[in-house]
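Here is target_9.pdb, consisting of PDB, C-alpha atoms:
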MODEL        1
ATOM      1  CA  MET A1282     -14.825  -8.165  32.061
ATOM      2  CA  SER A1283     -16.844 -10.101  29.486
ATOM      3  CA  ALA A1284     -15.328 -12.665  27.110
ATOM      4  CA  ARG A1285     -16.285 -10.445  24.177
ATOM      5  CA  VAL A1286     -14.432  -7.435  25.612
ATOM      6  CA  THR A1287     -11.406  -9.574  26.456
ATOM      7  CA  LEU A1288     -11.269 -10.971  22.924
ATOM      8  CA  GLY A1289     -11.530  -7.480  21.448
ATOM      9  CA  TRP A1290      -8.778  -6.192  23.752
ATOM     10  CA  VAL A1291      -6.433  -8.998  22.733
ATOM     11  CA  ALA A1292      -7.275  -8.678  19.026
ATOM     12  CA  ALA A1293      -6.637  -4.927  19.033
ATOM     13  CA  ARG A1294      -3.107  -5.409  20.373
ATOM     14  CA  LEU A1295      -1.979  -8.716  18.861
ATOM     15  CA  THR A1296      -3.664  -8.895  15.430
ATOM     16  CA  TYR A1297      -1.174  -6.665  13.616
ATOM     17  CA  PRO A1298       2.148  -8.035  14.941
ATOM     18  CA  GLY A1299       0.654 -11.532  15.093
ATOM     19  CA  LEU A1300      -0.231 -11.625  11.386
ATOM     20  CA  ILE A1301       3.243 -10.370  10.426
ATOM     21  CA  VAL A1302       4.959 -13.048  12.544
ATOM     22  CA  CYS A1303       2.596 -15.780  11.311
ATOM     23  CA  ALA A1304       3.234 -14.827   7.676
ATOM     24  CA  LEU A1305       7.016 -15.049   8.150
ATOM     25  CA  LEU A1306       6.773 -18.378   9.998
ATOM     26  CA  ALA A1307       4.465 -19.747   7.309
ATOM     27  CA  ALA A1308       6.942 -18.660   4.608
ATOM     28  CA  HIS A1309       9.724 -20.544   6.399
ATOM     29  CA  GLN A1310       7.598 -23.672   6.774
ATOM     30  CA  LEU A1311       6.424 -23.666   3.161
ATOM     31  CA  ARG A1312      10.002 -23.374   1.928
ATOM     32  CA  LEU A1313      10.978 -26.344   4.130
ATOM     33  CA  LEU A1314       8.190 -28.289   2.418
ATOM     34  CA  GLY A1315       9.662 -27.413  -0.981
ATOM     35  CA  VAL A1316       7.049 -24.895  -2.105
ATOM     36  CA  SER A1317       8.489 -22.405  -4.603
ATOM     37  CA  ALA A1318       9.251 -18.860  -3.462
ATOM     38  CA  GLY A1319       6.817 -17.353  -5.983
ATOM     39  CA  LEU A1320       3.935 -19.569  -4.936
ATOM     40  CA  THR A1321       4.752 -19.007  -1.248
ATOM     41  CA  SER A1322       4.700 -15.209  -1.543
ATOM     42  CA  SER A1323       1.454 -15.213  -3.563
ATOM     43  CA  ALA A1324      -0.291 -17.663  -1.219
ATOM     44  CA  LEU A1325       0.676 -15.696   1.878
ATOM     45  CA  PHE A1326      -0.354 -12.382   0.309
ATOM     46  CA  LEU A1327      -3.810 -13.829  -0.345
ATOM     47  CA  GLY A1328      -3.871 -15.498   3.087
ATOM     48  CA  VAL A1329      -3.184 -12.236   4.909
ATOM     49  CA  LEU A1330      -5.765 -10.492   2.703
ATOM     50  CA  VAL A1331      -8.455 -13.042   3.627
ATOM     51  CA  ALA A1332      -7.520 -13.025   7.334
ATOM     52  CA  ALA A1333      -7.685  -9.218   7.480
ATOM     53  CA  ALA A1334     -11.037  -9.208   5.616
ATOM     54  CA  LEU A1335     -12.494 -11.619   8.184
ATOM     55  CA  LEU A1336     -11.153  -9.506  11.054
ATOM     56  CA  GLU A1337     -12.756  -6.425   9.483
ATOM     57  CA  GLN A1338     -16.131  -8.120   9.838
ATOM     58  CA  ARG A1339     -15.522  -9.066  13.470
ATOM     59  CA  PHE A1340     -13.621  -6.030  14.788
ATOM     60  CA  PRO A1341     -14.197  -3.081  12.405
ATOM     61  CA  HIS A1342     -12.490   0.231  13.133
ATOM     62  CA  ARG A1343     -15.262   2.041  11.275
ATOM     63  CA  PRO A1344     -18.327  -0.110  10.372
ATOM     64  CA  SER A1345     -19.260   2.509   7.756
ATOM     65  CA  TRP A1346     -16.019   1.721   5.887
ATOM     66  CA  ARG A1347     -17.170  -1.771   4.905
ATOM     67  CA  PRO A1348     -17.062  -1.957   1.090
ATOM     68  CA  GLY A1349     -20.193  -1.836  -1.008
ATOM     69  CA  ALA A1350     -20.792  -4.499  -3.652
ATOM     70  CA  ASP A1351     -19.692  -2.320  -6.602
ATOM     71  CA  ALA A1352     -16.493  -1.178  -4.860
ATOM     72  CA  ALA A1353     -15.659  -4.739  -3.821
ATOM     73  CA  ARG A1354     -16.049  -5.962  -7.409
ATOM     74  CA  GLN A1355     -13.701  -3.251  -8.644
ATOM     75  CA  ASP A1356     -11.144  -4.056  -5.947
ATOM     76  CA  LEU A1357     -11.258  -7.747  -6.874
ATOM     77  CA  ALA A1358     -10.710  -6.812 -10.518
ATOM     78  CA  TYR A1359      -7.618  -4.845  -9.495
ATOM     79  CA  LEU A1360      -6.494  -7.863  -7.442
ATOM     80  CA  ALA A1361      -6.712  -9.992 -10.601
ATOM     81  CA  LEU A1362      -4.646  -7.390 -12.491
ATOM     82  CA  THR A1363      -2.050  -7.548  -9.721
ATOM     83  CA  GLY A1364      -1.677 -11.286 -10.215
ATOM     84  CA  LEU A1365      -1.379 -10.945 -13.994
ATOM     85  CA  LEU A1366       1.194  -8.132 -13.907
ATOM     86  CA  GLN A1367       3.495  -9.463 -11.182
ATOM     87  CA  PRO A1368       5.855 -11.282 -13.604
ATOM     88  CA  ALA A1369       6.213  -8.146 -15.760
ATOM     89  CA  GLY A1370       7.014  -5.965 -12.737
ATOM     90  CA  LYS A1371       9.595  -8.397 -11.381
ATOM     91  CA  LEU A1372      11.203  -8.765 -14.822
ATOM     92  CA  LEU A1373      11.517  -4.979 -15.138
ATOM     93  CA  GLY A1374      13.024  -4.792 -11.635
ATOM     94  CA  LEU A1375      15.626  -7.428 -12.466
ATOM     95  CA  GLY A1376      16.374  -5.645 -15.735
ATOM     96  CA  LEU A1377      16.972  -2.395 -13.869
ATOM     97  CA  THR A1378      19.227  -4.268 -11.441
ATOM     98  CA  THR A1379      21.318  -5.671 -14.275
ATOM     99  CA  GLY A1380      21.643  -2.239 -15.854
ATOM    100  CA  VAL A1381      22.691  -0.594 -12.604
ATOM    101  CA  SER A1382      25.169  -3.380 -11.834
ATOM    102  CA  LEU A1383      26.807  -3.043 -15.240
ATOM    103  CA  ALA A1384      26.962   0.737 -14.929
ATOM    104  CA  LEU A1385      28.727   0.633 -11.563
ATOM    105  CA  ALA A1386      32.423  -0.105 -11.931
ATOM    106  CA  ARG A1387      32.619  -1.054  -8.261
ATOM    107  CA  ALA A1388      29.582  -3.344  -8.304
ATOM    108  CA  ALA A1389      31.619  -6.539  -7.864
ATOM    109  CA  SER A1390      33.644  -5.213  -4.920
ATOM    110  CA  GLU A1391      30.531  -3.787  -3.303
ATOM    111  CA  ARG A1392      28.799  -7.156  -3.557
ATOM    112  CA  ASN A1393      31.852  -8.836  -2.038
ATOM    113  CA  ALA A1394      31.696  -6.413   0.888
ATOM    114  CA  LEU A1395      27.986  -7.105   1.331
ATOM    115  CA  SER A1396      28.556 -10.843   1.192
ATOM    116  CA  ALA A1397      30.611 -10.554   4.391
ATOM    117  CA  LEU A1398      27.564  -9.238   6.258
ATOM    118  CA  PRO A1399      25.178 -11.596   8.082
ATOM    119  CA  THR A1400      22.076 -12.459   6.052
ATOM    120  CA  TRP A1401      19.814 -10.600   8.485
ATOM    121  CA  ALA A1402      21.877  -7.403   8.032
ATOM    122  CA  THR A1403      21.727  -7.626   4.230
ATOM    123  CA  ALA A1404      17.975  -8.278   4.436
ATOM    124  CA  LEU A1405      17.533  -5.215   6.650
ATOM    125  CA  LEU A1406      19.551  -3.136   4.169
ATOM    126  CA  ALA A1407      17.310  -4.403   1.364
ATOM    127  CA  LEU A1408      14.216  -3.478   3.374
ATOM    128  CA  LEU A1409      15.479   0.032   4.126
ATOM    129  CA  ALA A1410      16.783   0.625   0.586
ATOM    130  CA  ALA A1411      13.537  -0.495  -1.045
ATOM    131  CA  ASP A1412      11.521   1.546   1.421
ATOM    132  CA  LEU A1413      13.601   4.690   0.850
ATOM    133  CA  GLY A1414      13.104   4.326  -2.893
ATOM    134  CA  LYS A1415       9.373   3.715  -2.438
ATOM    135  CA  TYR A1416       9.136   6.745  -0.106
ATOM    136  CA  TRP A1417      10.441   9.136  -2.780
ATOM    137  CA  LEU A1418       8.529   7.436  -5.571
ATOM    138  CA  HIS A1419       5.315   7.594  -3.538
ATOM    139  CA  ARG A1420       5.965  11.216  -2.626
ATOM    140  CA  ALA A1421       6.561  12.062  -6.293
ATOM    141  CA  ALA A1422       3.252  10.379  -7.102
ATOM    142  CA  HIS A1423       1.565  13.014  -4.922
ATOM    143  CA  GLU A1424       3.693  16.020  -5.875
ATOM    144  CA  ARG A1425       4.204  15.478  -9.639
ATOM    145  CA  PRO A1426       1.073  15.689 -11.835
ATOM    146  CA  TRP A1427       2.137  12.989 -14.325
ATOM    147  CA  PHE A1428       2.787  10.444 -11.547
ATOM    148  CA  TRP A1429      -0.348  11.505  -9.683
ATOM    149  CA  ARG A1430      -2.592  10.649 -12.620
ATOM    150  CA  PHE A1431      -1.519   6.992 -12.301
ATOM    151  CA  HIS A1432      -1.637   6.994  -8.498
ATOM    152  CA  ALA A1433      -4.975   8.792  -8.062
ATOM    153  CA  GLU A1434      -7.069   5.637  -8.466
ATOM    154  CA  HIS A1435      -5.560   4.206  -5.290
ATOM    155  CA  HIS A1436      -6.986   7.182  -3.377
ATOM    156  CA  SER A1437     -10.422   7.217  -4.996
ATOM    157  CA  PRO A1438     -12.333   4.956  -2.515
ATOM    158  CA  HIS A1439     -14.411   6.753   0.097
ATOM    159  CA  ARG A1440     -14.175   3.764   2.448
ATOM    160  CA  MET A1441     -10.926   2.232   3.604
ATOM    161  CA  ASN A1442     -10.661  -1.546   3.819
ATOM    162  CA  VAL A1443      -8.157  -4.288   3.088
ATOM    163  CA  LEU A1444      -9.279  -4.788  -0.524
ATOM    164  CA  ASN A1445      -8.050  -1.256  -1.313
ATOM    165  CA  ALA A1446      -4.464  -2.539  -0.969
ATOM    166  CA  THR A1447      -4.507  -3.835  -4.557
ATOM    167  CA  ARG A1448      -6.417  -0.926  -6.131
ATOM    168  CA  LEU A1449      -3.531   0.316  -8.261
ATOM    169  CA  HIS A1450      -3.402   1.399 -11.866
ATOM    170  CA  PRO A1451      -1.227  -1.082 -13.826
ATOM    171  CA  VAL A1452       1.498   1.559 -14.379
ATOM    172  CA  ASN A1453       1.569   2.347 -10.641
ATOM    173  CA  LEU A1454       1.665  -1.382  -9.887
ATOM    174  CA  ILE A1455       4.538  -2.002 -12.317
ATOM    175  CA  TRP A1456       6.775   0.692 -10.827
ATOM    176  CA  ASN A1457       6.050  -0.637  -7.315
ATOM    177  CA  LEU A1458       6.845  -4.232  -8.262
ATOM    178  CA  ALA A1459       9.993  -3.235 -10.154
ATOM    179  CA  LEU A1460      11.441  -1.390  -7.161
ATOM    180  CA  ASP A1461      10.478  -4.205  -4.782
ATOM    181  CA  ALA A1462      12.350  -6.713  -6.955
ATOM    182  CA  ALA A1463      15.364  -4.488  -7.656
ATOM    183  CA  ALA A1464      16.572  -3.760  -4.116
ATOM    184  CA  PRO A1465      17.076  -7.371  -2.888
ATOM    185  CA  ALA A1466      18.609  -8.398  -6.236
ATOM    186  CA  LEU A1467      21.011  -5.443  -6.315
ATOM    187  CA  LEU A1468      22.246  -6.314  -2.815
ATOM    188  CA  GLY A1469      22.747  -9.945  -3.806
ATOM    189  CA  LEU A1470      20.234 -11.284  -1.302
ATOM    190  CA  GLY A1471      19.677 -15.055  -1.381
ATOM    191  CA  LEU A1472      16.334 -16.458  -2.522
ATOM    192  CA  ASP A1473      14.968 -17.352   0.922
ATOM    193  CA  ALA A1474      16.100 -14.087   2.526
ATOM    194  CA  ALA A1475      14.575 -12.157  -0.386
ATOM    195  CA  LEU A1476      11.349 -14.108   0.124
ATOM    196  CA  TYR A1477      11.167 -13.065   3.781
ATOM    197  CA  VAL A1478      11.688  -9.442   2.729
ATOM    198  CA  VAL A1479       8.870  -9.728   0.172
ATOM    199  CA  VAL A1480       6.509 -11.450   2.639
ATOM    200  CA  PHE A1481       7.221  -8.885   5.370
ATOM    201  CA  ARG A1482       6.701  -5.930   3.021
ATOM    202  CA  GLY A1483       3.620  -7.495   1.447
ATOM    203  CA  THR A1484       2.006  -8.220   4.816
ATOM    204  CA  VAL A1485       2.579  -4.675   6.063
ATOM    205  CA  SER A1486       1.231  -3.295   2.766
ATOM    206  CA  VAL A1487      -1.984  -5.335   3.011
ATOM    207  CA  LEU A1488      -2.525  -4.487   6.677
ATOM    208  CA  GLN A1489      -1.986  -0.762   5.983
ATOM    209  CA  HIS A1490      -5.487  -0.639   4.567
ATOM    210  CA  ALA A1491      -7.228  -2.947   7.047
ATOM    211  CA  ASN A1492     -10.375  -1.529   8.633
ATOM    212  CA  VAL A1493      -9.676  -3.332  11.911
ATOM    213  CA  ARG A1494      -9.865  -1.867  15.423
ATOM    214  CA  LEU A1495      -6.218  -1.798  16.568
ATOM    215  CA  GLU A1496      -4.119  -0.412  19.416
ATOM    216  CA  LEU A1497      -0.575  -0.210  18.037
ATOM    217  CA  GLY A1498       1.256   2.132  20.431
ATOM    218  CA  PRO A1499       5.030   2.275  19.690
ATOM    219  CA  LEU A1500       4.596   0.469  16.348
ATOM    220  CA  ASN A1501       3.229   3.759  14.984
ATOM    221  CA  TRP A1502       6.810   5.078  15.275
ATOM    222  CA  ILE A1503       8.353   2.117  13.432
ATOM    223  CA  LEU A1504       6.025   0.717  10.774
ATOM    224  CA  SER A1505       3.560   2.218   8.319
ATOM    225  CA  THR A1506       0.521   1.063  10.283
ATOM    226  CA  PRO A1507      -3.185   1.307   9.408
ATOM    227  CA  THR A1508      -3.505   4.065  12.020
ATOM    228  CA  LEU A1509      -1.011   6.189  10.080
ATOM    229  CA  HIS A1510      -2.006   5.157   6.575
ATOM    230  CA  GLN A1511      -5.676   6.106   6.931
ATOM    231  CA  TRP A1512      -4.558   9.735   7.259
ATOM    232  CA  HIS A1513      -2.730   9.333   3.960
ATOM    233  CA  HIS A1514      -6.117   8.515   2.393
ATOM    234  CA  SER A1515      -7.821  11.601   3.830
ATOM    235  CA  ALA A1516      -9.799  13.851   1.477
ATOM    236  CA  ALA A1517      -8.038  16.831   3.104
ATOM    237  CA  LEU A1518      -4.894  17.598   1.091
ATOM    238  CA  HIS A1519      -2.704  18.599   4.064
ATOM    239  CA  GLU A1520      -3.486  15.260   5.708
ATOM    240  CA  ALA A1521      -3.114  13.121   2.573
ATOM    241  CA  ASN A1522       0.326  14.482   1.646
ATOM    242  CA  ALA A1523       1.967  12.646   4.538
ATOM    243  CA  ASN A1524       2.844   9.135   5.773
ATOM    244  CA  TYR A1525       4.357   8.032   2.471
ATOM    245  CA  GLY A1526       6.275   5.098   3.965
ATOM    246  CA  SER A1527       5.511   1.755   2.352
ATOM    247  CA  THR A1528       6.824  -0.471   5.152
ATOM    248  CA  PHE A1529       8.599   1.715   7.699
ATOM    249  CA  ILE A1530       7.607   5.169   8.887
ATOM    250  CA  VAL A1531      11.252   6.108   9.578
ATOM    251  CA  TRP A1532      11.664   8.059   6.329
ATOM    252  CA  ASP A1533       8.580  10.158   7.111
ATOM    253  CA  ILE A1534      10.127  10.959  10.487
ATOM    254  CA  VAL A1535      13.470  11.846   8.875
ATOM    255  CA  PHE A1536      11.926  14.057   6.166
ATOM    256  CA  GLY A1537       9.179  15.564   8.335
ATOM    257  CA  THR A1538       6.103  14.015   6.687
ATOM    258  CA  ARG A1539       4.782  11.834   9.528
ATOM    259  CA  HIS A1540       1.239  12.875  10.485
ATOM    260  CA  LEU A1541      -0.782  11.472  13.387
ATOM    261  CA  PRO A1542      -3.147  13.965  15.083
ATOM    262  CA  ARG A1543      -3.976  13.367  18.719
ATOM    263  CA  ALA A1544      -7.301  15.153  18.635
ATOM    264  CA  ARG A1545      -9.038  12.783  16.168
ATOM    265  CA  GLN A1546      -9.019   9.012  15.684
ATOM    266  CA  ALA A1547      -9.584   9.046  11.918
ATOM    267  CA  PRO A1548     -10.005  11.483   8.996
ATOM    268  CA  VAL A1549     -13.428  13.083   8.561
ATOM    269  CA  THR A1550     -13.682  11.901   4.936
ATOM    270  CA  LEU A1551     -11.613   9.685   2.667
ATOM    271  CA  GLY A1552     -11.038   9.973  -1.063
ATOM    272  CA  LEU A1553      -9.296  12.104  -3.666
ATOM    273  CA  ALA A1554      -7.830  15.244  -2.146
ATOM    274  CA  ASP A1555      -6.971  17.080  -5.377
ATOM    275  CA  GLY A1556     -10.532  18.236  -6.011
ATOM    276  CA  GLY A1557     -10.471  17.090  -9.630
ATOM    277  CA  PRO A1558     -12.912  14.719 -11.376
ATOM    278  CA  HIS A1559     -12.213  11.001 -11.575
ATOM    279  CA  PRO A1560     -14.171   8.269 -13.393
ATOM    280  CA  SER A1561     -16.229   5.691 -11.519
ATOM    281  CA  ALA A1562     -16.115   2.824 -14.063
ATOM    282  CA  LEU A1563     -13.129   0.467 -14.149
ATOM    283  CA  ARG A1564     -12.628   0.687 -17.932
ATOM    284  CA  HIS A1565     -12.455   4.476 -17.702
ATOM    285  CA  GLN A1566     -10.135   4.384 -14.674
ATOM    286  CA  LEU A1567      -7.567   2.415 -16.667
ATOM    287  CA  VAL A1568      -7.651   4.905 -19.554
ATOM    288  CA  TRP A1569      -7.962   8.070 -17.464
ATOM    289  CA  PRO A1570      -4.232   8.806 -16.818
ATOM    290  CA  TRP A1571      -3.534   8.784 -20.552
ATOM    291  CA  CYS A1572      -6.518  10.986 -21.492
ATOM    292  CA  ALA A1573      -7.203  13.158 -18.428
ATOM    293  CA  ALA A1574      -5.914  16.315 -20.126
ATOM    294  CA  ARG A1575      -8.463  15.867 -22.940
ATOM    295  CA  ALA A1576     -11.222  13.991 -21.129
ATOM    296  CA  THR A1577     -14.033  15.621 -23.091
ATOM    297  CA  THR A1578     -12.645  14.624 -26.505
ATOM    298  CA  CYS A1579     -10.885  11.319 -25.779
ATOM    299  CA  PRO A1580     -12.861   8.550 -27.589
ATOM    300  CA  ARG A1581     -11.939   5.989 -24.926
ATOM    301  CA  LEU A1582     -13.568   8.154 -22.241
ATOM    302  CA  ARG A1583     -16.888   8.470 -24.012
ATOM    303  CA  SER A1584     -19.836   8.671 -21.568
ATOM    304  CA  TRP A1585     -17.640   8.447 -18.472
ATOM    305  CA  THR A1586     -19.271   9.160 -15.100
ATOM    306  CA  PRO A1587     -17.290  11.009 -12.398
ATOM    307  CA  LEU A1588     -17.047   9.831  -8.806
ATOM    308  CA  GLU A1589     -19.016  11.756  -6.202
ATOM    309  CA  ASP A1590     -16.974  14.183  -4.101
ATOM    310  CA  PRO A1591     -16.495  12.502  -0.694
ATOM    311  CA  ARG A1592     -16.796  15.827   1.120
ATOM    312  CA  LYS A1593     -20.201  16.378  -0.520
ATOM    313  CA  GLU A1594     -21.326  12.919   0.661
ATOM    314  CA  ALA A1595     -20.181  13.702   4.204
ATOM    315  CA  MET A1596     -22.094  17.011   4.231
ATOM    316  CA  GLU A1597     -25.256  15.301   2.962
ATOM    317  CA  ALA A1598     -24.934  12.602   5.638
ATOM    318  CA  THR A1599     -24.864  15.236   8.365
TER
ENDMDL
END
What would you get if you wrote out this structure as structure tokens?
Amino acid sequence: MSARVTLGWVAARLTYPGLIVCALLAAHQLRLLGVSAGLTSSALFLGVLVAAALLEQRFPHRPSWRPGADAARQDLAYLALTGLLQPAGKLLGLGLTTGVSLALARAASERNALSALPTWATALLALLAADLGKYWLHRAAHERPWFWRFHAEHHSPHRMNVLNATRLHPVNLIWNLALDAAAPALLGLGLDAALYVVVFRGTVSVLQHANVRLELGPLNWILSTPTLHQWHHSAALHEANANYGSTFIVWDIVFGTRHLPRARQAPVTLGLADGGPHPSALRHQLVWPWCAARATTCPRLRSWTPLEDPRKEAMEAT
């Protein structure tokens, strides 16, 4: 067996769990060095993003999914928006937490009961609670037209790669960040434990979109892996309306939405599965959810150009 084949075999099996473990260990070490939790989470998010992008070049799952220059520029613009809007999303999440805590007469006694649990148990509860909320929010974003308009941009790329992880309309990003911040705060999780939850969820979220050749085996029954998530980005509606889990796949198993065909390794085409038009320019993408119902008369959508249908591109390629 050649060294190249051996390296590929090891990378396919250890890259995914290895990056998750390394991110958590790095978070622990940075906190020991006195680095703030906010800076630690942001640095590790970017670190995992860069590591996955490099692995995509070395071990691509589908070489044809490498991003073009225009798509990469748009994804980087969305990455910049993510950085700018993080404080607003976290502030909204903490505000929701305060409101819920005040509304619950038993909030204090519930927190006292939770405080008796080991930190790891409370962290696991925070992970599962946030993921359950994200499951239903994500599912609503596919099944409710108003939510879908803000979520559609995330599904617009015809090639799946790690940069797609941050391609979210600001409204979609805000509701994600708010829920991520609310669950640990509502359960009274300490700062460091909450950081590990954020780093774990963030790493899984980035790797969901990685175009890296992986062999994940049993992990496909536990986590929302790239193998599962690429089906969620299929241009076929019955394949896209599945695998909603943000971190774990357990809720898809419980509610019957897990989808992993044995006959094919990846979807035939990726992209929007609703069949409707969607703008190609960033400035129009940001306005689109507010004006989609009157796209022809909305002044902010003047001269917008629709994306090509991914199924049409696939037919032309064959």
Exercise for the section: List every protein, DNA or RNA residue that has at least one atom no more than 6 Å from (-9.2, -1.7, 18.5) in the file's coordinates, counting all atoms listed in the file, and write the result as a PyMOL selection string. Expected result: chain A and resi 1293+1494-1496
Practice task
Rank nothing, just name the residue among A:Ala1332, A:Leu1306, A:Leu1366, A:Leu1470 nearest to A:Leu1398, using only C-alpha atoms.
Solution key: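 Going through A:Ala1332, A:Leu1306, A:Leu1366, A:Leu1470 one by one, the smallest distance to A:Leu1398 is for A:Leu1470.
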Handout entry: All residues 12 Å or closer to stretch 1311-1321 of chain A, all atoms listed in the file, same chain fewer than 5 positions away omitted, as a PyMOL selection string
Key = chain A and resi 1303-1306+1326-1328+1364+1367-1368+1371+1471-1480+1483
Handout entry: Resolved residues for the PyMOL selection byres ((chain A and resi 1516) around 9) as number ranges by chain
Key = A: 1436, 1439, 1512-1515, 1517-1521, 1548-1556, 1591-1592
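Pairwise distance (atom CA of A:Ala1350, atom CA of A:Val1568) equals 22.7 Å.
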Practice task
Starting from the displayed file, determine the output of the PyMOL selection byres ((chain A and resi 1402-1419) around 9) and express the residue list as a VMD selection string.
Solution key: chain A and resid 1395 to 1396 1398 to 1401 1420 to 1424 1428 1432 1456 to 1457 1460 to 1470 1474 to 1475 1477 to 1479 1482 1524 to 1529 1532 to 1533
Practice task
Name the residues in contact with stretch 1585-1589 of chain A at a cut-off of 6 Å, using all atoms listed in the file, excluding same-chain residues fewer than 5 positions from it; report them as a list in words.
Solution key: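 The filter keeps Pro1558, His1559, Pro1560 and Ser1561 of chain A.
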Practice task
May I ask which of the residues A:Trp1429, A:Phe1481, A:Phe1340, A:Phe1536 is the closest one to A:Ser1322, counting all atoms listed in the file?
Solution key: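 With all atoms listed in the file as the atom set, the closest residue is A:Phe1481.
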Exercise for the section: Determine the nearest neighbour of A:Glu1434 from the options A:Thr1506, A:Asn1522, A:Asn1501, A:Gln1566, counting all atoms listed in the file. Expected result: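 Using all atoms listed in the file, the shortest distance to A:Glu1434 belongs to A:Gln1566.
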Handout entry: Which of A:His1450, A:Arg1294, A:Arg1564, A:His1510 sits closest to A:Leu1362 [using all atoms listed in the file]
Key = A:His1450
Practice task
Rounded to one decimal place, report the atom CA of A:Leu1488-atom CA of A:Pro1298 distance in Å.
Solution key: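 Computed distance, atom CA of A:Leu1488 to atom CA of A:Pro1298, equals 10.1 Å.
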